[in-house]
Amino acid sequence: MKQTPSQTVGPYFAYGLTPDQYKYDFPSYVDGNLVDPLTTLDAITIVGQVLDGEGNPIRDAMIELWQNDGEHALFGRFGTGTDPENRFVFTTIKPKSVDGQAPYLTFIVYMRGQLIHSFTRMYFSDETSLNSSDIALNAVPEERRGTLIAAKNGNQYRFDIHMQGEQETVFFDV
Amino acid sequence: MADLILNKTDMEVHPPRLYPDYKSTILRAPTKPLVLLKPSLSEYTGPVFGDMAMREFDNDLTMNGRKNGEPLGERIVVHGKVMDRNGNPIPHTLIEVWQANSAGRYVHKVDQHNAPLDPNFLGTGRCLTDAEGNYKFYTVKPGAYPWGNHYNAWRPNHIHFSLFGGDITSRLVTQMYFPGDPLLQHDPIYLGVPPKGRDLLIGKFDLELTEPSFALGYRFDIVLRGHSATPFENL
């Protein structure tokens, strides 16, 4: 059977997909907290902007974050329309290395102007050794690998997603 | 996991990333080729919502936004089955929907279209498919609305759908359209889909599903990609 084609999430997803975050009267079942920030001692924060081909932050993107290291399977969702700098903000824990791979988070990026969503991965700047031997990272041209590695600052990682331009983020065919 | 078959995105039916007639793709579509990824655990699995508690009217948009009466518009009921590429049902998977009201106005604060809001219509709902992969939503038929893509641009009537399926690669966000809508032939979002895929996005009017004296029935079946015929259990 033929797959049902993808269509854009459009500009008005917020009250359907991220209602609590945007203060609509419908309960969300998932948000940017993949773990409870108050009770998780090793919680980390991931923040970033989604930037268009002119380098402007996109204010109507939606990001989903998925991770599964065999021990913790976690999923979150956040729209870029509520933060003053149009950042997404996730609180989670760092996944373990699976089968010797570098730990990573799966990002799915949706927005008006994308007829089909984009997959990327976020790797951690403090995993230099595992990153250098990782099969998936090594399949990426060396000059573009940096677009997948989030910079650590305390317990926060910064991961900007560039849709286009010199620093265009690597997107994957999964 | 060794015998899982990779079911790739079928570009004969899916839209391309860049489709310049849909203007906002120009600055937002990735320009470089996608890098082929050898899947690992995260791609073979996905979030599971099968035991999520649904509230009584989560799948009834004619009820879940009421403040002081009934929403205005033509009541419809949308039925469908969610399947994998072999036609096997995908049970207990989450579906989320959102749409404009019958006047073509979204509740979203960014929507500035000069059409009335309906105090009794929120326009969003969700449900899980049953054991046979079936779902059902009650709502009102969404109105067409203008948008800024080009002069006199109007979106055809549509309902947004979001689905998960068995793993993260089966994730789908799409739109259901209505048969015979004259705006379809002018809509670059719909026309971004190659001709082979377009009919798959149109709900079919079905008199058997139509509820006498209550609501017109439509059928919208959905086929997801994904790695295997049986969803891989999440850990």
# chains A, B, ... in the order shown; residues from 1 in each chain; ligands from 1

$ residues_around --residues "Ser133 in chain A" --least-positions-apart "3" --cutoff "8 Å" --atoms "only C-alpha atoms" --output "PDB file with C-alpha atoms, in the first residue's frame"
ATOM      1  CA  GLN A 101      28.249   4.490  19.704  1.00  0.00           C
ATOM      2  CA  ALA A 102      28.502   8.047  20.877  1.00  0.00           C
ATOM      3  CA  SER A 129      36.522  10.126  22.273  1.00  0.00           C
ATOM      4  CA  LEU A 130      33.238   8.357  21.437  1.00  0.00           C
ATOM      5  CA  LEU A 137      29.287  10.905  12.746  1.00  0.00           C
ATOM      6  CA  ASN A 138      32.040   9.526  10.556  1.00  0.00           C
TER       7      ASN A 138
END

$ interface_residues --of "chain B" --to "chain A" --cutoff "6 Å" --atoms "only C-alpha atoms" --output "list in words"
Val13, His14, Ser24, Thr25, Leu27, Arg28, Pro30, Leu34, Val35, Leu36, Leu37, Ser42, Arg85, Trp98, His108, Thr124, Val173, Thr174, Gln175, Ile222, Val223 and Leu224 of chain B

$ write_last_selection --atoms "N, CA and C atoms" --output "PDB file, in the first residue's frame"
ATOM      1  N   VAL B  13       5.361   9.519  -3.600  1.00  0.00           N
ATOM      2  CA  VAL B  13       4.122  10.094  -3.073  1.00  0.00           C
ATOM      3  C   VAL B  13       4.367  11.260  -2.115  1.00  0.00           C
ATOM      4  N   HIS B  14       5.537  11.311  -1.473  1.00  0.00           N
ATOM      5  CA  HIS B  14       5.792  12.401  -0.518  1.00  0.00           C
ATOM      6  C   HIS B  14       6.272  13.657  -1.244  1.00  0.00           C
ATOM      7  N   SER B  24       7.298  29.699   1.555  1.00  0.00           N
ATOM      8  CA  SER B  24       8.113  29.621   2.771  1.00  0.00           C
ATOM      9  C   SER B  24       9.050  28.419   2.768  1.00  0.00           C
ATOM     10  N   THR B  25       8.965  27.534   1.754  1.00  0.00           N
ATOM     11  CA  THR B  25       9.988  26.471   1.673  1.00  0.00           C
ATOM     12  C   THR B  25      11.342  27.056   1.242  1.00  0.00           C
ATOM     13  N   LEU B  27      13.286  29.570   2.156  1.00  0.00           N
ATOM     14  CA  LEU B  27      14.299  29.859   3.179  1.00  0.00           C
ATOM     15  C   LEU B  27      14.338  28.803   4.289  1.00  0.00           C
ATOM     16  N   ARG B  28      13.489  27.773   4.168  1.00  0.00           N
ATOM     17  CA  ARG B  28      13.385  26.824   5.286  1.00  0.00           C
ATOM     18  C   ARG B  28      13.718  25.385   4.906  1.00  0.00           C
ATOM     19  N   PRO B  30      15.994  22.364   3.857  1.00  0.00           N
ATOM     20  CA  PRO B  30      17.424  22.045   3.785  1.00  0.00           C
ATOM     21  C   PRO B  30      17.877  21.989   2.323  1.00  0.00           C
ATOM     22  N   LEU B  34      20.404  14.785   2.127  1.00  0.00           N
ATOM     23  CA  LEU B  34      20.328  14.101   3.414  1.00  0.00           C
ATOM     24  C   LEU B  34      21.440  13.075   3.502  1.00  0.00           C
ATOM     25  N   VAL B  35      21.954  12.869   4.707  1.00  0.00           N
ATOM     26  CA  VAL B  35      22.997  11.862   4.926  1.00  0.00           C
ATOM     27  C   VAL B  35      22.317  10.565   5.347  1.00  0.00           C
ATOM     28  N   LEU B  36      22.633   9.503   4.642  1.00  0.00           N
ATOM     29  CA  LEU B  36      22.026   8.207   4.937  1.00  0.00           C
ATOM     30  C   LEU B  36      22.497   7.722   6.305  1.00  0.00           C
ATOM     31  N   LEU B  37      21.554   7.325   7.114  1.00  0.00           N
ATOM     32  CA  LEU B  37      21.880   6.936   8.481  1.00  0.00           C
ATOM     33  C   LEU B  37      21.629   5.450   8.656  1.00  0.00           C
ATOM     34  N   SER B  42      17.443   3.870  18.614  1.00  0.00           N
ATOM     35  CA  SER B  42      16.495   4.992  18.647  1.00  0.00           C
ATOM     36  C   SER B  42      15.596   5.038  17.426  1.00  0.00           C
ATOM     37  N   ARG B  85       2.474  -0.739   5.572  1.00  0.00           N
ATOM     38  CA  ARG B  85       2.449  -0.844   4.102  1.00  0.00           C
ATOM     39  C   ARG B  85       1.855  -2.160   3.616  1.00  0.00           C
ATOM     40  N   TRP B  98      -6.075  18.892  14.489  1.00  0.00           N
ATOM     41  CA  TRP B  98      -6.434  20.281  14.749  1.00  0.00           C
ATOM     42  C   TRP B  98      -6.912  20.905  13.451  1.00  0.00           C
ATOM     43  N   HIS B 108      -5.708  29.732  17.113  1.00  0.00           N
ATOM     44  CA  HIS B 108      -4.322  30.175  17.328  1.00  0.00           C
ATOM     45  C   HIS B 108      -4.213  31.699  17.331  1.00  0.00           C
ATOM     46  N   THR B 124      -9.406  21.129  18.370  1.00  0.00           N
ATOM     47  CA  THR B 124      -8.344  20.140  18.517  1.00  0.00           C
ATOM     48  C   THR B 124      -8.878  18.912  19.239  1.00  0.00           C
ATOM     49  N   VAL B 173       3.030  13.763   9.868  1.00  0.00           N
ATOM     50  CA  VAL B 173       2.129  14.902  10.022  1.00  0.00           C
ATOM     51  C   VAL B 173       1.550  15.164   8.642  1.00  0.00           C
ATOM     52  N   THR B 174       0.222  15.221   8.541  1.00  0.00           N
ATOM     53  CA  THR B 174      -0.379  15.373   7.226  1.00  0.00           C
ATOM     54  C   THR B 174      -1.681  16.169   7.331  1.00  0.00           C
ATOM     55  N   GLN B 175      -2.400  16.272   6.249  1.00  0.00           N
ATOM     56  CA  GLN B 175      -3.678  16.975   6.228  1.00  0.00           C
ATOM     57  C   GLN B 175      -4.668  16.161   5.415  1.00  0.00           C
ATOM     58  N   ILE B 222      -5.059   5.747   6.630  1.00  0.00           N
ATOM     59  CA  ILE B 222      -3.700   6.282   6.681  1.00  0.00           C
ATOM     60  C   ILE B 222      -2.699   5.130   6.694  1.00  0.00           C
ATOM     61  N   VAL B 223      -1.715   5.212   5.801  1.00  0.00           N
ATOM     62  CA  VAL B 223      -0.660   4.187   5.737  1.00  0.00           C
ATOM     63  C   VAL B 223       0.657   4.823   6.165  1.00  0.00           C
ATOM     64  N   LEU B 224       1.288   4.222   7.173  1.00  0.00           N
ATOM     65  CA  LEU B 224       2.537   4.756   7.704  1.00  0.00           C
ATOM     66  C   LEU B 224       3.725   3.931   7.231  1.00  0.00           C
TER      67      LEU B 224
END

$ select_by_dssp --residues "range 42-163 of chain A" --states "strand (DSSP E or B)" --output "PyMOL selection string"
chain A and resi 44-51+57+61-68+73-79+87-92+104-111+118-124+149-153+156-158+161-162

$ write_last_selection --atoms "C-alpha atoms" --output "compact mmCIF listing (two decimals), in the first residue's frame"
# COMPACT_ATOMS: atom_id res chain seq x y z
CA ILE A 44 20.61 18.58 31.63
CA THR A 45 19.05 21.39 29.63
CA ILE A 46 19.15 21.60 25.84
CA VAL A 47 18.48 25.02 24.35
CA GLY A 48 18.72 26.32 20.81
CA GLN A 49 17.18 28.28 18.02
CA VAL A 50 16.00 27.16 14.61
CA LEU A 51 17.37 29.54 11.97
CA PRO A 57 15.27 32.65 14.28
CA ALA A 61 8.89 25.67 14.48
CA MET A 62 8.10 22.62 16.57
CA ILE A 63 10.83 20.31 17.81
CA GLU A 64 10.40 16.76 19.04
CA LEU A 65 13.16 15.07 20.99
CA TRP A 66 13.41 11.30 21.29
CA GLN A 67 16.05 9.20 23.00
CA ASN A 68 16.32 5.52 23.83
CA ALA A 73 13.06 5.88 26.49
CA LEU A 74 12.04 9.55 26.62
CA PHE A 75 10.05 11.84 24.36
CA GLY A 76 9.41 15.59 24.44
CA ARG A 77 7.98 18.35 22.31
CA PHE A 78 8.42 22.12 22.32
CA GLY A 79 7.41 25.02 20.05
CA ARG A 87 14.47 29.11 21.62
CA PHE A 88 13.36 25.58 22.34
CA VAL A 89 14.13 24.37 25.84
CA PHE A 90 14.26 20.72 26.89
CA THR A 91 15.17 19.15 30.20
CA THR A 92 16.35 15.57 30.02
CA TYR A 104 22.98 11.23 20.93
CA LEU A 105 19.46 12.63 20.91
CA THR A 106 17.12 12.35 17.93
CA PHE A 107 15.59 15.68 16.88
CA ILE A 108 12.59 15.96 14.57
CA VAL A 109 11.99 19.41 13.14
CA TYR A 110 8.60 20.60 11.88
CA MET A 111 7.52 24.01 10.63
CA SER A 118 13.49 16.74 9.04
CA PHE A 119 15.49 14.35 11.23
CA THR A 120 18.78 15.25 12.83
CA ARG A 121 20.85 14.13 15.81
CA MET A 122 22.46 16.04 18.63
CA TYR A 123 25.80 14.80 19.96
CA PHE A 124 27.58 16.01 23.09
CA ILE A 149 27.66 18.64 18.26
CA ALA A 150 26.12 20.72 21.03
CA ALA A 151 28.43 22.87 23.14
CA LYS A 152 28.38 22.17 26.86
CA ASN A 153 28.19 25.00 29.35
CA GLN A 156 23.33 23.12 29.63
CA TYR A 157 23.97 22.27 26.00
CA ARG A 158 23.46 24.72 23.15
CA ILE A 161 19.56 24.14 14.04
CA HIS A 162 20.42 25.93 10.79

$ select_by_dssp --residues "range 11-53 of chain B" --states "helix (DSSP H, G or I)" --output "list in words"
Lys23, Ser24, Thr25, Leu41, Ser42, Glu43 and Tyr44 of chain B

$ closest_residue --among "B:Asn59, B:Asn68, B:Asn134, B:Thr9" --to "Arg219 in chain B" --atoms "only C-alpha atoms"
B:Asn134

$ residues_around --residues "range 202-204 of chain B" --least-positions-apart "4" --cutoff "12 Å" --atoms "only C-alpha atoms" --output "PyMOL selection string"
(chain A and resi 4-5) or (chain B and resi 76-81+141+156-159+174-181+184+190+197-198+208-210+216-222)

$ closest_residue --among "B:Ala29, B:Gly104, B:Asn120, B:Lys23" --to "Lys67 in chain B" --atoms "only C-alpha atoms"
B:Asn120

$ residues_around --residues "Gln112 in chain B" --least-positions-apart "2" --cutoff "12 Å" --atoms "only C-alpha atoms" --output "ChimeraX atom specification"
/A:11-12 /B:104-110,114-117,145-148
